[in-house]
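In what follows, a structure is listed as structure tokens, so that the remarks can point back to it.
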Amino acid sequence: MVALGISMALSHPQIIDKGDEDGMREGKEYLVRAIRESTRKTISEAEALKIVNLVSQYSSYWEKRCENEGLIPKEIYYGIIHHESRFRARATSYFPAYGLMQLTPIWRGKAPKYNVDEDMYDVAKNICAGIYVFNHYVRLARHKNVDDILSSALAYYNAGYRGAKLGRGKVYAEEVMSISKKYRTI
């Protein structure tokens, strides 16, 4: 597992709208529209933009620290959030799993910003912890030398490493990969 020492000092990054950069505004606007359409416009543009900015910031942060740079298309994170919670920040499953990325209590105290279950209803904390967990699984899949790193990491995210070894999580991985296409930008 990746050392968490520096991550605990990580405060919520400021939300940055890099809309003036070539091509970025179009990509962000597209993602905001796609998220709002997925939720039947039950979340505001500001809430959707916050999710887009946080996914961008935390994915870059954790991909660097987990040595996963260039391996994870950004749309995968949106596919996970769509599948797990339909972008509902206060989603709770029977398992139990919490928030946008549906983190389970097994990660409490291990994933950054996840100290109590209530933390997972905070959008920034949930995205930070969820992206960390997924990057942990991508790194694990790389070290296991699997053929399809992303599908394996998605299966691990859904069923845990042991569950995925028993064949669980494959359908989940296929569904997330399919959903993710909706969030692909240039």
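In the structure tokens, chains take letters A, B, ... by order of appearance, with residues numbered from 1 within each chain and ligands from 1 in the order shown.
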Can you tell me which residues surround range 120-126 of chain A at a distance of at most 8 Å, considering only C-alpha atoms, apart from same-chain residues fewer than 3 positions away, and format the answer as a compact mmCIF listing (two decimals) with N, CA, C and O atoms, in the first residue's frame?
# COMPACT_ATOMS: atom_id res chain seq x y z
N HIS A 12 -8.15 20.24 1.39
CA HIS A 12 -8.97 20.28 0.18
C HIS A 12 -8.34 21.25 -0.80
O HIS A 12 -8.16 22.42 -0.50
N ILE A 51 -17.69 18.55 -8.79
CA ILE A 51 -17.30 17.15 -8.98
C ILE A 51 -16.23 17.04 -10.05
O ILE A 51 -15.21 16.36 -9.88
N LEU A 54 -12.90 18.40 -8.70
CA LEU A 54 -12.31 17.52 -7.70
C LEU A 54 -11.77 16.23 -8.31
O LEU A 54 -10.69 15.77 -7.94
N ALA A 89 -24.52 12.54 -3.57
CA ALA A 89 -23.49 12.64 -2.53
C ALA A 89 -23.87 11.91 -1.24
O ALA A 89 -22.99 11.45 -0.52
N ARG A 90 -25.14 11.77 -0.96
CA ARG A 90 -25.56 11.13 0.29
C ARG A 90 -26.06 9.71 0.07
O ARG A 90 -26.76 9.15 0.93
N ALA A 91 -25.67 9.10 -1.02
CA ALA A 91 -26.08 7.72 -1.30
C ALA A 91 -25.49 6.77 -0.25
O ALA A 91 -24.34 6.92 0.15
N TYR A 98 -20.81 4.30 1.29
CA TYR A 98 -21.22 5.68 1.49
C TYR A 98 -20.75 6.62 0.38
O TYR A 98 -19.63 6.51 -0.10
N GLY A 99 -21.61 7.58 0.05
CA GLY A 99 -21.25 8.70 -0.79
C GLY A 99 -21.15 8.42 -2.27
O GLY A 99 -21.56 7.37 -2.76
N LEU A 100 -20.59 9.38 -2.98
CA LEU A 100 -20.49 9.32 -4.44
C LEU A 100 -19.81 8.06 -4.95
O LEU A 100 -20.26 7.44 -5.89
N MET A 101 -18.69 7.70 -4.32
CA MET A 101 -17.91 6.56 -4.81
C MET A 101 -18.15 5.30 -3.98
O MET A 101 -17.48 4.29 -4.16
N LEU A 103 -17.79 4.16 -0.74
CA LEU A 103 -16.70 3.54 0.01
C LEU A 103 -17.24 2.78 1.21
O LEU A 103 -18.18 3.22 1.87
N PRO A 112 -7.29 8.27 2.78
CA PRO A 112 -7.21 9.64 3.26
C PRO A 112 -8.60 10.28 3.39
O PRO A 112 -9.47 10.04 2.57
N LYS A 113 -8.75 11.06 4.44
CA LYS A 113 -9.96 11.83 4.70
C LYS A 113 -11.15 10.97 5.13
O LYS A 113 -12.26 11.45 5.26
N TYR A 114 -10.94 9.66 5.34
CA TYR A 114 -12.03 8.77 5.76
C TYR A 114 -11.74 8.31 7.18
O TYR A 114 -11.12 7.29 7.41
N VAL A 116 -14.39 8.79 9.80
CA VAL A 116 -15.69 8.30 10.26
C VAL A 116 -16.58 8.21 9.03
O VAL A 116 -16.37 8.89 8.03
N ASP A 117 -17.60 7.34 9.12
CA ASP A 117 -18.46 7.13 7.95
C ASP A 117 -19.09 8.42 7.44
O ASP A 117 -19.24 8.60 6.23
N ALA A 129 -10.85 10.05 -1.24
CA ALA A 129 -10.67 8.69 -0.74
C ALA A 129 -10.97 7.67 -1.84
O ALA A 129 -10.24 6.68 -2.00
N GLY A 130 -12.04 7.88 -2.61
CA GLY A 130 -12.41 6.93 -3.65
C GLY A 130 -11.37 6.82 -4.75
O GLY A 130 -11.04 5.73 -5.22
Extract, using only C-alpha atoms, all DNA, RNA and protein residues at most 12 Å from Glu67 in chain A, discarding same-chain residues fewer than 2 positions from it, and format them as a CSV table (one decimal) with all heavy atoms, in the first residue's frame.
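Dumped to part-v5.csv:
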chain,number,residue,atom,x,y,z
A,1,MET,N,0.8,-1.2,0.0
A,1,MET,CA,0.0,0.0,0.0
A,1,MET,C,0.9,1.2,0.0
A,1,MET,O,1.9,1.3,0.6
A,1,MET,CB,-0.9,0.0,1.2
A,1,MET,CG,-1.9,1.1,1.2
A,1,MET,SD,-3.1,1.1,2.6
A,1,MET,CE,-4.1,-0.3,2.0
A,2,VAL,N,0.4,2.3,-0.6
A,2,VAL,CA,1.1,3.5,-0.7
A,2,VAL,C,1.2,4.2,0.7
A,2,VAL,O,0.2,4.2,1.4
A,2,VAL,CB,0.4,4.5,-1.7
A,2,VAL,CG1,1.1,5.8,-1.7
A,2,VAL,CG2,0.4,3.9,-3.1
A,59,SER,N,-7.5,13.0,-9.1
A,59,SER,CA,-6.9,11.9,-9.9
A,59,SER,C,-5.5,12.2,-10.3
A,59,SER,O,-4.6,11.3,-10.2
A,59,SER,CB,-7.8,11.8,-11.2
A,59,SER,OG,-7.8,12.9,-12.0
A,60,SER,N,-5.2,13.5,-10.6
A,60,SER,CA,-3.8,13.8,-10.9
A,60,SER,C,-2.9,13.6,-9.6
A,60,SER,O,-1.8,13.0,-9.7
A,60,SER,CB,-3.7,15.3,-11.3
A,60,SER,OG,-4.3,15.5,-12.5
A,61,TYR,N,-3.4,14.0,-8.5
A,61,TYR,CA,-2.6,13.8,-7.2
A,61,TYR,C,-2.3,12.4,-7.0
A,61,TYR,O,-1.2,12.0,-6.7
A,61,TYR,CB,-3.4,14.5,-6.1
A,61,TYR,CG,-2.7,14.3,-4.7
A,61,TYR,CD1,-1.8,15.3,-4.4
A,61,TYR,CD2,-3.0,13.3,-3.9
A,61,TYR,CE1,-1.2,15.2,-3.1
A,61,TYR,CE2,-2.4,13.2,-2.6
A,61,TYR,CZ,-1.5,14.2,-2.3
A,61,TYR,OH,-0.9,14.1,-1.1
A,62,TRP,N,-3.4,11.5,-7.0
A,62,TRP,CA,-3.1,10.1,-6.6
A,62,TRP,C,-2.5,9.3,-7.7
A,62,TRP,O,-1.7,8.4,-7.4
A,62,TRP,CB,-4.5,9.5,-6.2
A,62,TRP,CG,-4.8,9.9,-4.8
A,62,TRP,CD1,-6.0,10.6,-4.4
A,62,TRP,CD2,-4.1,9.8,-3.6
A,62,TRP,NE1,-5.9,10.9,-3.1
A,62,TRP,CE2,-4.8,10.4,-2.6
A,62,TRP,CE3,-2.9,9.2,-3.3
A,62,TRP,CZ2,-4.4,10.5,-1.2
A,62,TRP,CZ3,-2.4,9.2,-2.0
A,62,TRP,CH2,-3.1,9.9,-1.0
A,63,GLU,N,-2.7,9.6,-8.9
A,63,GLU,CA,-2.0,8.9,-10.0
A,63,GLU,C,-0.5,9.1,-9.9
A,63,GLU,O,0.2,8.2,-10.1
A,63,GLU,CB,-2.6,9.3,-11.4
A,63,GLU,CG,-4.0,8.8,-11.6
A,63,GLU,CD,-4.6,9.4,-12.8
A,63,GLU,OE1,-4.0,10.0,-13.7
A,63,GLU,OE2,-5.9,9.2,-12.9
A,64,LYS,N,-0.1,10.3,-9.6
A,64,LYS,CA,1.3,10.6,-9.4
A,64,LYS,C,1.9,9.8,-8.2
A,64,LYS,O,2.9,9.1,-8.3
A,64,LYS,CB,1.6,12.1,-9.2
A,64,LYS,CG,1.5,12.9,-10.5
A,64,LYS,CD,1.7,14.3,-10.2
A,64,LYS,CE,1.4,15.2,-11.4
A,64,LYS,NZ,1.2,16.6,-11.1
A,65,ARG,N,1.2,9.8,-7.1
A,65,ARG,CA,1.7,9.2,-5.9
A,65,ARG,C,1.7,7.7,-6.0
A,65,ARG,O,2.5,7.0,-5.3
A,65,ARG,CB,1.0,9.7,-4.7
A,65,ARG,CG,1.6,11.0,-4.2
A,65,ARG,CD,0.7,12.1,-3.8
A,65,ARG,NE,1.3,13.4,-3.7
A,65,ARG,CZ,1.5,14.2,-4.7
A,65,ARG,NH1,1.1,13.9,-5.9
A,65,ARG,NH2,2.0,15.4,-4.5
A,69,GLU,N,0.4,7.3,-13.5
A,69,GLU,CA,0.2,8.3,-14.5
A,69,GLU,C,0.0,7.8,-15.9
A,69,GLU,O,0.8,6.9,-16.3
A,69,GLU,CB,1.4,9.3,-14.4
A,69,GLU,CG,1.4,10.2,-13.2
A,69,GLU,CD,2.6,11.1,-13.1
A,69,GLU,OE1,3.7,10.6,-12.9
A,69,GLU,OE2,2.4,12.3,-13.4
A,70,GLY,N,-1.0,8.3,-16.6
A,70,GLY,CA,-1.2,7.9,-17.9
A,70,GLY,C,-1.9,6.5,-18.1
A,70,GLY,O,-2.2,6.1,-19.2
A,71,LEU,N,-2.3,5.9,-17.0
A,71,LEU,CA,-2.9,4.6,-17.1
A,71,LEU,C,-4.4,4.6,-16.9
A,71,LEU,O,-5.1,3.7,-17.3
A,71,LEU,CB,-2.3,3.6,-16.0
A,71,LEU,CG,-0.9,3.3,-16.0
A,71,LEU,CD1,-0.5,2.4,-14.8
A,71,LEU,CD2,-0.6,2.5,-17.3
A,72,ILE,N,-4.9,5.7,-16.4
A,72,ILE,CA,-6.4,5.7,-16.1
A,72,ILE,C,-7.0,6.9,-16.8
A,72,ILE,O,-6.8,8.0,-16.5
A,72,ILE,CB,-6.6,5.9,-14.5
A,72,ILE,CG1,-5.8,4.8,-13.8
A,72,ILE,CG2,-8.1,5.8,-14.2
A,72,ILE,CD1,-5.7,5.1,-12.3
A,132,TYR,N,-8.2,7.5,-4.4
A,132,TYR,CA,-7.1,6.8,-3.8
A,132,TYR,C,-7.3,5.3,-3.8
A,132,TYR,O,-6.4,4.6,-4.2
A,132,TYR,CB,-6.9,7.3,-2.3
A,132,TYR,CG,-6.0,6.4,-1.5
A,132,TYR,CD1,-4.6,6.5,-1.6
A,132,TYR,CD2,-6.6,5.3,-0.7
A,132,TYR,CE1,-3.8,5.6,-1.0
A,132,TYR,CE2,-5.7,4.5,-0.1
A,132,TYR,CZ,-4.4,4.6,-0.2
A,132,TYR,OH,-3.6,3.7,0.5
A,135,ASN,N,-6.9,3.9,-7.3
A,135,ASN,CA,-5.5,3.9,-7.7
A,135,ASN,C,-4.7,2.9,-7.0
A,135,ASN,O,-3.8,2.3,-7.5
A,135,ASN,CB,-4.8,5.3,-7.5
A,135,ASN,CG,-5.0,6.2,-8.7
A,135,ASN,OD1,-4.2,6.2,-9.6
A,135,ASN,ND2,-6.1,6.9,-8.7
A,136,HIS,N,-5.1,2.6,-5.7
A,136,HIS,CA,-4.5,1.5,-5.0
A,136,HIS,C,-4.7,0.2,-5.7
A,136,HIS,O,-3.8,-0.6,-5.9
A,136,HIS,CB,-5.1,1.4,-3.6
A,136,HIS,CG,-4.8,0.2,-2.9
A,136,HIS,ND1,-3.6,-0.1,-2.3
A,136,HIS,CD2,-5.6,-0.9,-2.6
A,136,HIS,CE1,-3.6,-1.3,-1.7
A,136,HIS,NE2,-4.8,-1.8,-1.9
A,137,TYR,N,-5.9,0.0,-6.2
A,137,TYR,CA,-6.2,-1.3,-6.9
A,137,TYR,C,-5.6,-1.3,-8.3
A,137,TYR,O,-5.2,-2.4,-8.8
A,137,TYR,CB,-7.8,-1.4,-7.0
A,137,TYR,CG,-8.4,-1.9,-5.7
A,137,TYR,CD1,-9.5,-1.3,-5.2
A,137,TYR,CD2,-7.8,-3.0,-5.0
A,137,TYR,CE1,-10.1,-1.7,-4.1
A,137,TYR,CE2,-8.4,-3.4,-3.8
A,137,TYR,CZ,-9.5,-2.8,-3.4
A,137,TYR,OH,-10.1,-3.2,-2.2
A,138,VAL,N,-5.4,-0.2,-9.0
A,138,VAL,CA,-4.7,-0.2,-10.3
A,138,VAL,C,-3.3,-0.6,-10.0
A,138,VAL,O,-2.7,-1.4,-10.7
A,138,VAL,CB,-4.8,1.2,-10.9
A,138,VAL,CG1,-3.8,1.3,-12.1
A,138,VAL,CG2,-6.2,1.5,-11.4
A,139,ARG,N,-2.7,0.0,-9.0
A,139,ARG,CA,-1.3,-0.4,-8.6
A,139,ARG,C,-1.2,-1.9,-8.3
A,139,ARG,O,-0.2,-2.6,-8.7
A,139,ARG,CB,-0.8,0.5,-7.5
A,139,ARG,CG,0.6,0.3,-7.2
A,139,ARG,CD,1.1,1.3,-6.2
A,139,ARG,NE,2.5,1.3,-6.0
A,139,ARG,CZ,3.2,1.8,-5.0
A,139,ARG,NH1,2.5,2.4,-4.1
A,139,ARG,NH2,4.5,1.7,-5.0
A,140,LEU,N,-2.1,-2.4,-7.6
A,140,LEU,CA,-2.2,-3.8,-7.2
A,140,LEU,C,-2.3,-4.7,-8.5
A,140,LEU,O,-1.5,-5.7,-8.7
A,140,LEU,CB,-3.3,-4.1,-6.3
A,140,LEU,CG,-3.5,-5.6,-5.9
A,140,LEU,CD1,-2.3,-6.1,-5.1
A,140,LEU,CD2,-4.8,-5.8,-5.1
A,142,ARG,N,-1.3,-3.8,-11.5
A,142,ARG,CA,0.0,-3.7,-12.2
A,142,ARG,C,1.0,-4.7,-11.6
A,142,ARG,O,1.7,-5.4,-12.3
A,142,ARG,CB,0.5,-2.3,-12.1
A,142,ARG,CG,-0.1,-1.4,-13.1
A,142,ARG,CD,0.5,0.0,-13.1
A,142,ARG,NE,1.8,0.2,-12.5
A,142,ARG,CZ,2.1,0.9,-11.4
A,142,ARG,NH1,1.1,1.5,-10.8
A,142,ARG,NH2,3.3,1.0,-11.0
A,143,HIS,N,1.0,-4.8,-10.3
A,143,HIS,CA,2.0,-5.7,-9.6
A,143,HIS,C,1.6,-7.2,-9.8
A,143,HIS,O,2.5,-8.0,-9.7
A,143,HIS,CB,2.2,-5.3,-8.2
A,143,HIS,CG,2.9,-4.0,-8.0
A,143,HIS,ND1,4.2,-3.8,-8.3
A,143,HIS,CD2,2.4,-2.8,-7.5
A,143,HIS,CE1,4.5,-2.6,-8.1
A,143,HIS,NE2,3.5,-1.9,-7.5
For this session: Enter the distance from CA of Asn145 in chain A to CA of Tyr161 in chain A, in Å, rounded to one decimal.
Result: 13.9 Å
For this session: Using DSSP on the backbone coordinates, identify the residues of range 4-162 of chain A assigned to alpha helix (DSSP H); present them as a ChimeraX atom specification.
Result: /A:5-8,24-38,45-65,74-85,123-143,149-162
Exercise. Can you tell me, as a PyMOL selection string, what residues are no more than 7 Å from Tyr78 in chain A when counting only C-alpha atoms, ignoring any on the same chain fewer than 3 positions away?
Worked result: chain A and resi 75+81-82+180+183
